[in-house]
Amino acid sequence: MPRTNMSATAEIQAKHAKYVLSPWLAQGGLVAPVIARGEGSYLFDADGKKYLDFGSGLIAVNLGHGHPKVVAAIQEQASLLGYAAPSLFHDKRALLGEELSAMSPWAGGEGCRTFFTTAGADANDDAVRIARAVTGRTKVLSAYRSFHGSSGTSIMLTGEDRRWGGEPGPPSIMRFFAPYPYRSPFHATSPAEETSRAIEHLERILMHEDPKRVAAILIEPVVGSNGVIVYPDGYLPALRALTEKHGIILIADEVMTGFGRTGPAFASQKFGVVPDMLTFAKGVTSAYLPLGGVLVREKIASTFDARALPCGHTYSGHPMCVAAGLATVRAYKEEKVFERGAALEGVLRAGLANIAEKHRTVGEARGTGAFFALELVKDRATKEPLVPWHGDGPGVMKNLYVELRKRGVYTFGKFNCVMVAPPLTATKAEVEEGLGALDDALTAFEAAL
Ligand SMILES: Cc1ncc(COP(=O)(O)O)c(C=O)c1O
């Protein structure tokens, strides 16, 4: 490796530490590779070292890096029109709206209209605002152990420690416990019991909050950054039935699960629920440009034909971003990317089960589609987490990520959970390479515990 390049890397790392604040982290002592380029399933740092992107960025780069059709669409749009006010009409915005309606849970029926945002957080804020406008109610419920974003409302909808720094937030947001089969909050001994007790718990909360005052319930159909928790069969349909009974709007937060991550376009489709609204971001452009939005079923969207929609942003449906989104969703279809992602499920499930068997710190390997996580424990019998929930003071988990990077693999996680979610375009051989590195990294990590 040329010395000059090494010192250029060190210089950028020093400038990063001096001039940039990195999200959610204590800033002192942060060291990360300087990423210069991406191609397919790989990232390359400034010194040419290759990393398999085993977390698809932040579970977002579903199409892999540097897809030529998306790159070309961005270049073409940049030369045509960089910006136009969102109240003006734009071809790619209309065409992307059409594509999203065709892949939505309402496809073939009433369809939907899209309100475009810049990211997932503002999509959740706006979905809640629309739900309040439509119902005339104020209260909103979300689950503990969820992440919904870092903006005004979405941070308060978030059911984990990242919310605490945002408090006090807007009122009228309450939280409930959703199923977590590995650590049942309901002391359940079977998936069916977990579902029925979770619904009973939610019914009780609704009774105490008055369901007639509840505008919406917002839920990730599969819990994402809090450890890829797949709800037991029947939970989401039962939640749908409960919301319908009380006229409560059900919002599926598919920011992480959308665009083939669990198999079909949206996880709601996989788990048999038709929500009233669905929020998305990340995979819509494979994260190449920032774009999010709310899919609003036609029945609700049409209520705004005669009155103003209560939300708007300078960058709503930004031409560059919708051009990237349109090229991305077309590539998903043309190259059968969701099907390719779904085909990785077997490789991931078997490989991670093998890793779980070999390693004493793996309490559970779980997931669906191309969306998995390992939950690490001190003791498999007691299930004591390897690091406490909110409190990896000494930074134990960081050592695993360092071991992975040494072996040319990047991923991320939260608390004692490690994400395993390659781009949906990854090959079987690439996934096997990542699993091999994870196995070796865990061996080194455990030896140093
Ligand atoms: C389920 C979920 N909702 C919302 C968000 C927030 O999205 P963004 O970071 O684009 O604001 C995230 C981000 O990770 C997420 O995973």
# chains A, B, ... in the order shown; residues from 1 in each chain; ligands from 1
>>> closest_atom_pairs(of="chain A", to="ligand 1", cutoff="7 Å", atoms="only C-alpha atoms and all ligand atoms", output="Markdown table")
| residue | atom | partner | partner_atom_place_in_ligand_line | distance |
| --- | --- | --- | --- | --- |
| A:Leu58 | CA | ligand 1 | 14 (O) | 6.7 |
| A:Ala119 | CA | ligand 1 | 10 (O) | 3.9 |
| A:Gly120 | CA | ligand 1 | 7 (O) | 3.4 |
| A:Ala121 | CA | ligand 1 | 11 (O) | 3.6 |
| A:Asp122 | CA | ligand 1 | 11 (O) | 6.5 |
| A:Phe147 | CA | ligand 1 | 2 (C) | 5.3 |
| A:His148 | CA | ligand 1 | 3 (N) | 3.7 |
| A:Gly149 | CA | ligand 1 | 6 (C) | 3.6 |
| A:Ser150 | CA | ligand 1 | 11 (O) | 6.2 |
| A:Glu220 | CA | ligand 1 | 1 (C) | 5.8 |
| A:Gly224 | CA | ligand 1 | 16 (O) | 5.6 |
| A:Ser225 | CA | ligand 1 | 16 (O) | 5.8 |
| A:Asp253 | CA | ligand 1 | 1 (C) | 5.6 |
| A:Glu254 | CA | ligand 1 | 1 (C) | 6.0 |
| A:Val255 | CA | ligand 1 | 2 (C) | 4.7 |
| A:Met256 | CA | ligand 1 | 16 (O) | 4.7 |
| A:Ala281 | CA | ligand 1 | 10 (O) | 5.8 |
| A:Lys282 | CA | ligand 1 | 10 (O) | 6.2 |
| A:Gly292 | CA | ligand 1 | 10 (O) | 6.9 |
>>> residues_around(residues="A:Gly436", least_positions_apart="4", cutoff="12 Å", atoms="only C-alpha atoms", output="PyMOL selection string")
chain A and resi 52+54+348+351-352+354-355+404+407-409+429-432+440-443
>>> write_last_selection(atoms="C-alpha atoms", output="compact mmCIF listing (two decimals), in the first residue's frame")
# COMPACT_ATOMS: atom_id res chain seq x y z
CA LEU A 52 -18.61 -6.89 1.94
CA PHE A 54 -23.35 -7.20 5.06
CA LEU A 348 -28.80 -17.05 5.55
CA GLY A 351 -25.61 -20.44 7.75
CA LEU A 352 -26.67 -18.48 10.82
CA ASN A 354 -24.78 -23.23 12.02
CA ILE A 355 -23.03 -20.21 13.55
CA LEU A 404 -15.45 -8.24 11.10
CA ARG A 407 -11.96 -9.82 7.74
CA GLY A 408 -13.38 -7.49 5.10
CA VAL A 409 -16.99 -7.33 6.28
CA ALA A 429 -21.05 -17.06 -2.78
CA GLU A 430 -20.91 -13.51 -1.36
CA VAL A 431 -23.35 -14.40 1.41
CA GLU A 432 -21.29 -17.50 2.22
CA ASP A 440 -14.24 -16.41 12.32
CA ALA A 441 -14.87 -12.94 13.78
CA LEU A 442 -17.07 -14.46 16.52
CA THR A 443 -14.34 -16.95 17.37
>>> select_by_dssp(residues="stretch 57-221 of chain A", states="strand (DSSP E or B)", output="list in words")
His65, Cys112, Arg113, Thr114, Phe115, Phe116, Thr117, Lys139, Val140, Leu141, Ser142, Ala143, Ile173, Met174, Arg175, Phe176, Val214, Ala215, Ala216, Ile217, Leu218 and Ile219 of chain A
>>> residues_around(residues="A:Leu157", least_positions_apart="3", cutoff="7 Å", atoms="only C-alpha atoms", output="list in words")
Ser142, His148, Thr153, Ser154 and Ile173 of chain A
>>> residues_around(residues="stretch 103-107 of chain A", least_positions_apart="3", cutoff="8 Å", atoms="only C-alpha atoms", output="list in words")
Glu99, Leu100, Glu110, Gly111, Cys112, Ala265, Phe266, Ser268, Gln269, Val274, Pro275, Leu295 and Arg297 of chain A
>>> residues_around(residues="A:Pro181", least_positions_apart="5", cutoff="10 Å", atoms="only C-alpha atoms", output="ChimeraX atom specification")
/A:186-191,193-195,229-232
>>> residues_around(residues="A:Trp164", least_positions_apart="5", cutoff="12 Å", atoms="only C-alpha atoms", output="MDAnalysis selection string")
chainID A and resid 24 150 155:159 169 390
>>> residues_around(residues="A:Phe89", least_positions_apart="4", cutoff="12 Å", atoms="only C-alpha atoms", output="ChimeraX atom specification")
/A:83-85,93-95,97,316-319
>>> write_last_selection(atoms="C-alpha atoms", output="PDB file, in the first residue's frame")
ATOM      1  CA  TYR A  83     -35.170  21.344  -8.775  1.00  0.00           C
ATOM      2  CA  ALA A  84     -38.756  22.485  -9.225  1.00  0.00           C
ATOM      3  CA  ALA A  85     -41.243  23.431  -6.494  1.00  0.00           C
ATOM      4  CA  ARG A  93     -42.811  12.025  -9.606  1.00  0.00           C
ATOM      5  CA  ALA A  94     -46.043  10.940 -11.325  1.00  0.00           C
ATOM      6  CA  LEU A  95     -44.475   7.783 -12.762  1.00  0.00           C
ATOM      7  CA  GLY A  97     -46.297   7.329  -7.730  1.00  0.00           C
ATOM      8  CA  SER A 316     -41.120  16.809  -1.388  1.00  0.00           C
ATOM      9  CA  GLY A 317     -40.723  14.712  -4.527  1.00  0.00           C
ATOM     10  CA  HIS A 318     -37.375  16.320  -5.410  1.00  0.00           C
ATOM     11  CA  PRO A 319     -36.776  15.667  -9.145  1.00  0.00           C
TER      12      PRO A 319
END
>>> closest_residue(among="A:Thr138, A:Asn399, A:Ser22, A:Ser151", to="A:Ala215", atoms="only C-alpha atoms")
A:Thr138
>>> closest_residue(among="A:Gln13, A:Asn62, A:Thr262, A:Ser101", to="A:Thr328", atoms="only C-alpha atoms")
A:Asn62
>>> closest_residue(among="A:Asn416, A:Gly312, A:Met320, A:Asp379", to="A:Gly391", atoms="only C-alpha atoms")
A:Asn416
>>> closest_residue(among="A:Tyr182, A:Tyr42, A:Phe115, A:Phe177", to="A:His313", atoms="only C-alpha atoms")
A:Phe115
>>> closest_residue(among="A:Ile130, A:Val418, A:Val71, A:Val377", to="A:Leu438", atoms="only C-alpha atoms")
A:Val418
